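The file structure_7.pdb comes next; it holds PDB, N, CA, C and O atoms and all ligand atoms.
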ATOM      1  N   MET A   3       0.837  -1.213   0.000
ATOM      2  CA  MET A   3       0.000   0.000   0.000
ATOM      3  C   MET A   3       0.871   1.262   0.000
ATOM      4  O   MET A   3       1.217   1.794   1.058
ATOM      5  N   PRO A   4       1.195   1.676  -1.179
ATOM      6  CA  PRO A   4       2.082   2.849  -1.264
ATOM      7  C   PRO A   4       1.392   4.102  -0.755
ATOM      8  O   PRO A   4       2.015   4.978  -0.188
ATOM      9  N   GLY A   5       0.070   4.150  -0.948
ATOM     10  CA  GLY A   5      -0.660   5.342  -0.512
ATOM     11  C   GLY A   5      -0.528   5.556   0.979
ATOM     12  O   GLY A   5      -0.355   6.674   1.460
ATOM     13  N   LYS A   6      -0.595   4.466   1.700
ATOM     14  CA  LYS A   6      -0.590   4.623   3.152
ATOM     15  C   LYS A   6       0.773   5.096   3.649
ATOM     16  O   LYS A   6       0.867   5.997   4.482
ATOM     17  N   SER A   7       1.794   4.464   3.128
ATOM     18  CA  SER A   7       3.121   4.849   3.616
ATOM     19  C   SER A   7       3.421   6.295   3.201
ATOM     20  O   SER A   7       4.086   7.032   3.910
ATOM     21  N   ASP A   8       2.868   6.663   2.043
ATOM     22  CA  ASP A   8       3.040   8.059   1.615
ATOM     23  C   ASP A   8       2.402   8.986   2.644
ATOM     24  O   ASP A   8       2.941  10.026   2.995
ATOM     25  N   ASP A   9       1.219   8.586   3.099
ATOM     26  CA  ASP A   9       0.525   9.383   4.098
ATOM     27  C   ASP A   9       1.367   9.509   5.361
ATOM     28  O   ASP A   9       1.543  10.587   5.911
ATOM     29  N   ASN A  10       1.880   8.372   5.763
ATOM     30  CA  ASN A  10       2.682   8.398   6.980
ATOM     31  C   ASN A  10       3.895   9.305   6.805
ATOM     32  O   ASN A  10       4.268  10.025   7.724
ATOM     33  N   PHE A  11       4.432   9.213   5.622
ATOM     34  CA  PHE A  11       5.618  10.041   5.320
ATOM     35  C   PHE A  11       5.263  11.521   5.500
ATOM     36  O   PHE A  11       5.959  12.288   6.165
ATOM     37  N   LYS A  12       4.121  11.892   4.928
ATOM     38  CA  LYS A  12       3.693  13.296   5.019
ATOM     39  C   LYS A  12       3.457  13.678   6.473
ATOM     40  O   LYS A  12       3.894  14.722   6.942
ATOM     41  N   LYS A  13       2.741  12.795   7.164
ATOM     42  CA  LYS A  13       2.412  13.091   8.552
ATOM     43  C   LYS A  13       3.685  13.278   9.350
ATOM     44  O   LYS A  13       3.791  14.158  10.204
ATOM     45  N   HIS A  14       4.645  12.407   9.028
ATOM     46  CA  HIS A  14       5.911  12.483   9.770
ATOM     47  C   HIS A  14       6.532  13.863   9.595
ATOM     48  O   HIS A  14       6.972  14.495  10.559
ATOM     49  N   PHE A  15       6.499  14.333   8.369
ATOM     50  CA  PHE A  15       7.131  15.632   8.115
ATOM     51  C   PHE A  15       6.321  16.765   8.733
ATOM     52  O   PHE A  15       6.864  17.718   9.278
ATOM     53  N   GLU A  16       4.987  16.622   8.625
ATOM     54  CA  GLU A  16       4.151  17.668   9.216
ATOM     55  C   GLU A  16       4.404  17.760  10.709
ATOM     56  O   GLU A  16       4.481  18.839  11.292
ATOM     57  N   ARG A  17       4.533  16.598  11.310
ATOM     58  CA  ARG A  17       4.743  16.600  12.753
ATOM     59  C   ARG A  17       6.084  17.271  13.076
ATOM     60  O   ARG A  17       6.205  18.018  14.036
ATOM     61  N   GLN A  18       7.073  16.970  12.251
ATOM     62  CA  GLN A  18       8.385  17.570  12.513
ATOM     63  C   GLN A  18       8.310  19.079  12.377
ATOM     64  O   GLN A  18       8.881  19.813  13.167
ATOM     65  N   ARG A  19       7.573  19.519  11.371
ATOM     66  CA  ARG A  19       7.475  20.956  11.168
ATOM     67  C   ARG A  19       6.704  21.583  12.333
ATOM     68  O   ARG A  19       7.051  22.647  12.821
ATOM     69  N   ASP A  20       5.644  20.890  12.757
ATOM     70  CA  ASP A  20       4.884  21.404  13.893
ATOM     71  C   ASP A  20       5.793  21.571  15.096
ATOM     72  O   ASP A  20       5.765  22.566  15.790
ATOM     73  N   LYS A  21       6.599  20.569  15.297
ATOM     74  CA  LYS A  21       7.467  20.606  16.474
ATOM     75  C   LYS A  21       8.445  21.769  16.357
ATOM     76  O   LYS A  21       8.702  22.466  17.330
ATOM     77  N   LYS A  22       8.939  21.972  15.160
ATOM     78  CA  LYS A  22       9.886  23.079  14.979
ATOM     79  C   LYS A  22       9.203  24.404  15.280
ATOM     80  O   LYS A  22       9.741  25.271  15.941
ATOM     81  N   ASP A  23       7.968  24.529  14.755
ATOM     82  CA  ASP A  23       7.228  25.767  15.013
ATOM     83  C   ASP A  23       7.056  25.969  16.505
ATOM     84  O   ASP A  23       7.246  27.046  17.035
ATOM     85  N   ARG A  24       6.679  24.862  17.164
ATOM     86  CA  ARG A  24       6.435  24.969  18.595
ATOM     87  C   ARG A  24       7.737  25.342  19.316
ATOM     88  O   ARG A  24       7.751  26.155  20.217
ATOM     89  N   ASP A  25       8.804  24.718  18.864
ATOM     90  CA  ASP A  25      10.090  24.998  19.519
ATOM     91  C   ASP A  25      10.438  26.473  19.355
ATOM     92  O   ASP A  25      10.917  27.118  20.265
ATOM     93  N   ARG A  26      10.191  26.963  18.170
ATOM     94  CA  ARG A  26      10.560  28.349  17.915
ATOM     95  C   ARG A  26       9.711  29.278  18.789
ATOM     96  O   ARG A  26      10.178  30.243  19.341
ATOM     97  N   LYS A  27       8.392  28.958  18.869
ATOM     98  CA  LYS A  27       7.514  29.824  19.655
ATOM     99  C   LYS A  27       7.873  29.729  21.132
ATOM    100  O   LYS A  27       7.686  30.666  21.873
ATOM    101  N   GLY A  28       8.351  28.537  21.506
ATOM    102  CA  GLY A  28       8.600  28.335  22.932
ATOM    103  C   GLY A  28       9.964  28.824  23.373
ATOM    104  O   GLY A  28      10.339  28.632  24.516
ATOM    105  N   LEU A  29      10.698  29.419  22.477
ATOM    106  CA  LEU A  29      12.028  29.899  22.852
ATOM    107  C   LEU A  29      11.944  30.857  24.033
ATOM    108  O   LEU A  29      11.179  31.809  23.989
ATOM    109  N   PRO A  30      12.705  30.586  25.017
ATOM    110  CA  PRO A  30      12.696  31.530  26.137
ATOM    111  C   PRO A  30      13.287  32.854  25.700
ATOM    112  O   PRO A  30      14.232  32.897  24.924
ATOM    113  N   GLY A  31      12.725  33.905  26.163
ATOM    114  CA  GLY A  31      13.239  35.216  25.769
ATOM    115  C   GLY A  31      12.384  35.835  24.686
ATOM    116  O   GLY A  31      12.493  37.023  24.439
ATOM    117  N   GLU A  32      11.534  35.027  24.041
ATOM    118  CA  GLU A  32      10.634  35.621  23.052
ATOM    119  C   GLU A  32       9.305  35.911  23.716
ATOM    120  O   GLU A  32       8.853  37.041  23.739
ATOM    121  N   ASP A  33       8.697  34.836  24.230
ATOM    122  CA  ASP A  33       7.439  35.031  24.943
ATOM    123  C   ASP A  33       7.694  35.737  26.266
ATOM    124  O   ASP A  33       6.911  36.560  26.700
ATOM    125  N   GLU A  34       8.793  35.348  26.881
ATOM    126  CA  GLU A  34       9.048  35.868  28.220
ATOM    127  C   GLU A  34      10.089  36.974  28.171
ATOM    128  O   GLU A  34      11.058  36.962  28.914
ATOM    129  N   ALA A  35       9.895  37.880  27.269
ATOM    130  CA  ALA A  35      10.809  39.020  27.204
ATOM    131  C   ALA A  35      10.758  39.766  28.528
ATOM    132  O   ALA A  35       9.703  39.927  29.106
ATOM    133  N   PRO A  36      11.901  40.160  29.001
ATOM    134  CA  PRO A  36      11.918  40.851  30.290
ATOM    135  C   PRO A  36      11.088  42.114  30.245
ATOM    136  O   PRO A  36      11.144  42.869  29.280
ATOM    137  N   LEU A  37      10.319  42.291  31.288
ATOM    138  CA  LEU A  37       9.466  43.481  31.325
ATOM    139  C   LEU A  37      10.330  44.711  31.530
ATOM    140  O   LEU A  37      11.374  44.644  32.165
ATOM    141  N   PRO A  38       9.918  45.799  30.954
ATOM    142  CA  PRO A  38      10.642  47.051  31.202
ATOM    143  C   PRO A  38      10.537  47.404  32.673
ATOM    144  O   PRO A  38       9.573  47.023  33.332
ATOM    145  N   PRO A  39      11.521  48.098  33.170
ATOM    146  CA  PRO A  39      11.481  48.449  34.590
ATOM    147  C   PRO A  39      10.220  49.238  34.908
ATOM    148  O   PRO A  39       9.772  50.043  34.091
ATOM    149  N   PRO A  40       9.664  48.954  36.041
ATOM    150  CA  PRO A  40       8.401  49.617  36.374
ATOM    151  C   PRO A  40       8.565  51.121  36.462
ATOM    152  O   PRO A  40       9.541  51.627  37.002
ATOM    153  N   VAL A  41       7.631  51.787  35.894
ATOM    154  CA  VAL A  41       7.661  53.255  35.943
ATOM    155  C   VAL A  41       6.803  53.695  37.109
ATOM    156  O   VAL A  41       5.704  53.207  37.294
ATOM    157  N   GLU A  42       7.347  54.602  37.875
ATOM    158  CA  GLU A  42       6.578  55.073  39.016
ATOM    159  C   GLU A  42       5.346  55.793  38.511
ATOM    160  O   GLU A  42       5.455  56.722  37.702
ATOM    161  N   PRO A  43       4.216  55.333  38.918
ATOM    162  CA  PRO A  43       2.984  55.963  38.430
ATOM    163  C   PRO A  43       2.847  57.378  38.970
ATOM    164  O   PRO A  43       3.178  57.651  40.116
ATOM    165  N   ILE A  44       2.397  58.233  38.112
ATOM    166  CA  ILE A  44       2.167  59.602  38.560
ATOM    167  C   ILE A  44       0.779  59.656  39.167
ATOM    168  O   ILE A  44      -0.203  59.339  38.513
ATOM    169  N   LYS A  45       0.772  60.055  40.407
ATOM    170  CA  LYS A  45      -0.509  60.086  41.114
ATOM    171  C   LYS A  45      -1.380  61.168  40.513
ATOM    172  O   LYS A  45      -0.944  62.276  40.269
ATOM    173  N   LYS A  46      -2.613  60.790  40.291
ATOM    174  CA  LYS A  46      -3.543  61.810  39.814
ATOM    175  C   LYS A  46      -4.561  62.015  40.911
ATOM    176  O   LYS A  46      -5.577  61.361  40.972
ATOM    177  N   GLY A  47      -4.225  62.908  41.759
ATOM    178  CA  GLY A  47      -5.130  63.158  42.879
ATOM    179  C   GLY A  47      -5.026  64.595  43.306
ATOM    180  O   GLY A  47      -4.364  65.403  42.662
ATOM    181  N   GLY A  48      -5.642  64.886  44.384
ATOM    182  CA  GLY A  48      -5.642  66.266  44.858
ATOM    183  C   GLY A  48      -4.259  66.700  45.309
ATOM    184  O   GLY A  48      -3.932  67.878  45.271
ATOM    185  N   ASP A  49      -3.430  65.744  45.715
ATOM    186  CA  ASP A  49      -2.123  66.135  46.247
ATOM    187  C   ASP A  49      -1.048  66.140  45.168
ATOM    188  O   ASP A  49       0.129  66.137  45.444
ATOM    189  N   GLU A  50      -1.461  66.104  43.932
ATOM    190  CA  GLU A  50      -0.468  66.148  42.852
ATOM    191  C   GLU A  50       0.160  67.537  42.810
ATOM    192  O   GLU A  50      -0.551  68.540  42.833
ATOM    193  N   PRO A  51       1.470  67.600  42.776
ATOM    194  CA  PRO A  51       2.110  68.906  42.734
ATOM    195  C   PRO A  51       1.839  69.602  41.408
ATOM    196  O   PRO A  51       1.647  68.966  40.373
ATOM    197  N   GLY A  52       1.867  70.898  41.450
ATOM    198  CA  GLY A  52       1.671  71.650  40.215
ATOM    199  C   GLY A  52       2.885  71.486  39.318
ATOM    200  O   GLY A  52       3.982  71.166  39.777
ATOM    201  N   ARG A  53       2.710  71.658  38.035
ATOM    202  CA  ARG A  53       3.802  71.443  37.082
ATOM    203  C   ARG A  53       4.959  72.411  37.338
ATOM    204  O   ARG A  53       6.104  72.110  37.031
ATOM    205  N   ASN A  54       4.650  73.580  37.867
ATOM    206  CA  ASN A  54       5.706  74.566  38.103
ATOM    207  C   ASN A  54       6.165  74.587  39.553
ATOM    208  O   ASN A  54       7.029  75.386  39.914
ATOM    209  N   ASP A  55       5.631  73.689  40.356
ATOM    210  CA  ASP A  55       6.067  73.612  41.748
ATOM    211  C   ASP A  55       7.365  72.833  41.825
ATOM    212  O   ASP A  55       7.678  72.040  40.937
ATOM    213  N   PRO A  56       8.141  73.066  42.885
ATOM    214  CA  PRO A  56       9.362  72.272  43.052
ATOM    215  C   PRO A  56       9.011  70.799  43.170
ATOM    216  O   PRO A  56       8.020  70.441  43.796
ATOM    217  N   CYS A  57       9.842  69.997  42.552
ATOM    218  CA  CYS A  57       9.539  68.573  42.513
ATOM    219  C   CYS A  57       9.572  67.978  43.907
ATOM    220  O   CYS A  57      10.467  68.266  44.689
ATOM    221  N   PRO A  58       8.603  67.150  44.228
ATOM    222  CA  PRO A  58       8.555  66.532  45.549
ATOM    223  C   PRO A  58       9.706  65.560  45.795
ATOM    224  O   PRO A  58       9.933  65.157  46.931
ATOM    225  N   CYS A  59      10.454  65.207  44.776
ATOM    226  CA  CYS A  59      11.553  64.266  44.989
ATOM    227  C   CYS A  59      12.753  64.968  45.601
ATOM    228  O   CYS A  59      13.713  64.330  46.015
ATOM    229  N   GLY A  60      12.687  66.297  45.665
ATOM    230  CA  GLY A  60      13.754  67.010  46.346
ATOM    231  C   GLY A  60      14.911  67.372  45.430
ATOM    232  O   GLY A  60      15.975  67.767  45.898
ATOM    233  N   SER A  61      14.730  67.272  44.136
ATOM    234  CA  SER A  61      15.830  67.575  43.222
ATOM    235  C   SER A  61      16.037  69.081  43.093
ATOM    236  O   SER A  61      17.086  69.531  42.670
ATOM    237  N   GLY A  62      15.018  69.845  43.490
ATOM    238  CA  GLY A  62      15.117  71.293  43.361
ATOM    239  C   GLY A  62      14.640  71.779  42.011
ATOM    240  O   GLY A  62      14.505  72.974  41.785
ATOM    241  N   LYS A  63      14.397  70.830  41.103
ATOM    242  CA  LYS A  63      13.888  71.244  39.793
ATOM    243  C   LYS A  63      12.388  71.403  39.870
ATOM    244  O   LYS A  63      11.745  70.922  40.796
ATOM    245  N   LYS A  64      11.864  72.039  38.839
ATOM    246  CA  LYS A  64      10.416  72.103  38.754
ATOM    247  C   LYS A  64       9.882  70.714  38.435
ATOM    248  O   LYS A  64      10.521  69.941  37.720
ATOM    249  N   TYR A  65       8.717  70.476  38.929
ATOM    250  CA  TYR A  65       8.129  69.146  38.765
ATOM    251  C   TYR A  65       8.014  68.788  37.292
ATOM    252  O   TYR A  65       8.295  67.652  36.866
ATOM    253  N   LYS A  66       7.647  69.765  36.476
ATOM    254  CA  LYS A  66       7.444  69.458  35.052
ATOM    255  C   LYS A  66       8.773  69.152  34.363
ATOM    256  O   LYS A  66       8.796  68.564  33.286
ATOM    257  N   GLN A  67       9.876  69.619  34.989
ATOM    258  CA  GLN A  67      11.183  69.346  34.377
ATOM    259  C   GLN A  67      11.864  68.150  35.018
ATOM    260  O   GLN A  67      13.005  67.850  34.723
ATOM    261  N   CYS A  68      11.165  67.531  35.934
ATOM    262  CA  CYS A  68      11.798  66.411  36.657
ATOM    263  C   CYS A  68      10.919  65.177  36.562
ATOM    264  O   CYS A  68      10.809  64.576  35.506
ATOM    265  N   CYS A  69      10.272  64.874  37.632
ATOM    266  CA  CYS A  69       9.578  63.593  37.721
ATOM    267  C   CYS A  69       8.327  63.536  36.858
ATOM    268  O   CYS A  69       7.821  62.460  36.586
ATOM    269  N   LEU A  70       7.827  64.680  36.452
ATOM    270  CA  LEU A  70       6.641  64.651  35.584
ATOM    271  C   LEU A  70       6.989  63.966  34.272
ATOM    272  O   LEU A  70       6.174  63.327  33.634
ATOM    273  N   LEU A  71       8.243  64.068  33.859
ATOM    274  CA  LEU A  71       8.657  63.477  32.576
ATOM    275  C   LEU A  71       8.950  61.999  32.700
ATOM    276  O   LEU A  71       9.029  61.304  31.711
ATOM    277  N   LYS A  72       9.156  61.545  33.898
ATOM    278  CA  LYS A  72       9.558  60.151  34.087
ATOM    279  C   LYS A  72       8.357  59.214  34.054
ATOM    280  O   LYS A  72       7.263  59.629  34.300
TER
HETATM  281 ZN    ZN B   1      11.715  64.770  40.720
END

What's the structure tokens form of this structure?
Amino acid sequence: MPGKSDDNFKKHFERQRDKKDRDRKGLPGEDEAPLPPPVEPIKKGGDEPGRNDPCPCGSGKKYKQCCLLK
């Protein structure tokens, strides 16, 4: 039965290709790319400093020129 073995042959190759695809997708560092360092969230509340006020971090710069940009 040449047809059957041909089928098996195809299946064998398909399976190999599937595995390769899976291997490629499963590469560490692609799916699990390191997250960017957390950015300090800017509080949006009543106690938010004004953009022209001195930065609360104590740098002496204006808030808009300091932590507001971060
Ligand atoms: Zn600051």

Select the residues contacting ligand ZN 1 (chain B) at a distance of at most 8 Å, based on all atoms listed in the file, then format the selection as a ChimeraX atom specification.
/A:56-72

May I have the selected residues written with N, CA, C and O atoms, as a PDB file, in the frame of the given file?
ATOM      1  N   PRO A  56       8.141  73.066  42.885  1.00  0.00           N
ATOM      2  CA  PRO A  56       9.362  72.272  43.052  1.00  0.00           C
ATOM      3  C   PRO A  56       9.011  70.799  43.170  1.00  0.00           C
ATOM      4  O   PRO A  56       8.020  70.441  43.796  1.00  0.00           O
ATOM      5  N   CYS A  57       9.842  69.997  42.552  1.00  0.00           N
ATOM      6  CA  CYS A  57       9.539  68.573  42.513  1.00  0.00           C
ATOM      7  C   CYS A  57       9.572  67.978  43.907  1.00  0.00           C
ATOM      8  O   CYS A  57      10.467  68.266  44.689  1.00  0.00           O
ATOM      9  N   PRO A  58       8.603  67.150  44.228  1.00  0.00           N
ATOM     10  CA  PRO A  58       8.555  66.532  45.549  1.00  0.00           C
ATOM     11  C   PRO A  58       9.706  65.560  45.795  1.00  0.00           C
ATOM     12  O   PRO A  58       9.933  65.157  46.931  1.00  0.00           O
ATOM     13  N   CYS A  59      10.454  65.207  44.776  1.00  0.00           N
ATOM     14  CA  CYS A  59      11.553  64.266  44.989  1.00  0.00           C
ATOM     15  C   CYS A  59      12.753  64.968  45.601  1.00  0.00           C
ATOM     16  O   CYS A  59      13.713  64.330  46.015  1.00  0.00           O
ATOM     17  N   GLY A  60      12.687  66.297  45.665  1.00  0.00           N
ATOM     18  CA  GLY A  60      13.754  67.010  46.346  1.00  0.00           C
ATOM     19  C   GLY A  60      14.911  67.372  45.430  1.00  0.00           C
ATOM     20  O   GLY A  60      15.975  67.767  45.898  1.00  0.00           O
ATOM     21  N   SER A  61      14.730  67.272  44.136  1.00  0.00           N
ATOM     22  CA  SER A  61      15.830  67.575  43.222  1.00  0.00           C
ATOM     23  C   SER A  61      16.037  69.081  43.093  1.00  0.00           C
ATOM     24  O   SER A  61      17.086  69.531  42.670  1.00  0.00           O
ATOM     25  N   GLY A  62      15.018  69.845  43.490  1.00  0.00           N
ATOM     26  CA  GLY A  62      15.117  71.293  43.361  1.00  0.00           C
ATOM     27  C   GLY A  62      14.640  71.779  42.011  1.00  0.00           C
ATOM     28  O   GLY A  62      14.505  72.974  41.785  1.00  0.00           O
ATOM     29  N   LYS A  63      14.397  70.830  41.103  1.00  0.00           N
ATOM     30  CA  LYS A  63      13.888  71.244  39.793  1.00  0.00           C
ATOM     31  C   LYS A  63      12.388  71.403  39.870  1.00  0.00           C
ATOM     32  O   LYS A  63      11.745  70.922  40.796  1.00  0.00           O
ATOM     33  N   LYS A  64      11.864  72.039  38.839  1.00  0.00           N
ATOM     34  CA  LYS A  64      10.416  72.103  38.754  1.00  0.00           C
ATOM     35  C   LYS A  64       9.882  70.714  38.435  1.00  0.00           C
ATOM     36  O   LYS A  64      10.521  69.941  37.720  1.00  0.00           O
ATOM     37  N   TYR A  65       8.717  70.476  38.929  1.00  0.00           N
ATOM     38  CA  TYR A  65       8.129  69.146  38.765  1.00  0.00           C
ATOM     39  C   TYR A  65       8.014  68.788  37.292  1.00  0.00           C
ATOM     40  O   TYR A  65       8.295  67.652  36.866  1.00  0.00           O
ATOM     41  N   LYS A  66       7.647  69.765  36.476  1.00  0.00           N
ATOM     42  CA  LYS A  66       7.444  69.458  35.052  1.00  0.00           C
ATOM     43  C   LYS A  66       8.773  69.152  34.363  1.00  0.00           C
ATOM     44  O   LYS A  66       8.796  68.564  33.286  1.00  0.00           O
ATOM     45  N   GLN A  67       9.876  69.619  34.989  1.00  0.00           N
ATOM     46  CA  GLN A  67      11.183  69.346  34.377  1.00  0.00           C
ATOM     47  C   GLN A  67      11.864  68.150  35.018  1.00  0.00           C
ATOM     48  O   GLN A  67      13.005  67.850  34.723  1.00  0.00           O
ATOM     49  N   CYS A  68      11.165  67.531  35.934  1.00  0.00           N
ATOM     50  CA  CYS A  68      11.798  66.411  36.657  1.00  0.00           C
ATOM     51  C   CYS A  68      10.919  65.177  36.562  1.00  0.00           C
ATOM     52  O   CYS A  68      10.809  64.576  35.506  1.00  0.00           O
ATOM     53  N   CYS A  69      10.272  64.874  37.632  1.00  0.00           N
ATOM     54  CA  CYS A  69       9.578  63.593  37.721  1.00  0.00           C
ATOM     55  C   CYS A  69       8.327  63.536  36.858  1.00  0.00           C
ATOM     56  O   CYS A  69       7.821  62.460  36.586  1.00  0.00           O
ATOM     57  N   LEU A  70       7.827  64.680  36.452  1.00  0.00           N
ATOM     58  CA  LEU A  70       6.641  64.651  35.584  1.00  0.00           C
ATOM     59  C   LEU A  70       6.989  63.966  34.272  1.00  0.00           C
ATOM     60  O   LEU A  70       6.174  63.327  33.634  1.00  0.00           O
ATOM     61  N   LEU A  71       8.243  64.068  33.859  1.00  0.00           N
ATOM     62  CA  LEU A  71       8.657  63.477  32.576  1.00  0.00           C
ATOM     63  C   LEU A  71       8.950  61.999  32.700  1.00  0.00           C
ATOM     64  O   LEU A  71       9.029  61.304  31.711  1.00  0.00           O
ATOM     65  N   LYS A  72       9.156  61.545  33.898  1.00  0.00           N
ATOM     66  CA  LYS A  72       9.558  60.151  34.087  1.00  0.00           C
ATOM     67  C   LYS A  72       8.357  59.214  34.054  1.00  0.00           C
ATOM     68  O   LYS A  72       7.263  59.629  34.300  1.00  0.00           O
TER      69      LYS A  72
END

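Atom CA of A:Asp20 is positioned 22.9 Å from atom CA of A:Ala35.
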
Separation of atom CA of A:Asn54 from atom CA of A:Val41 in Å
21.5 Å
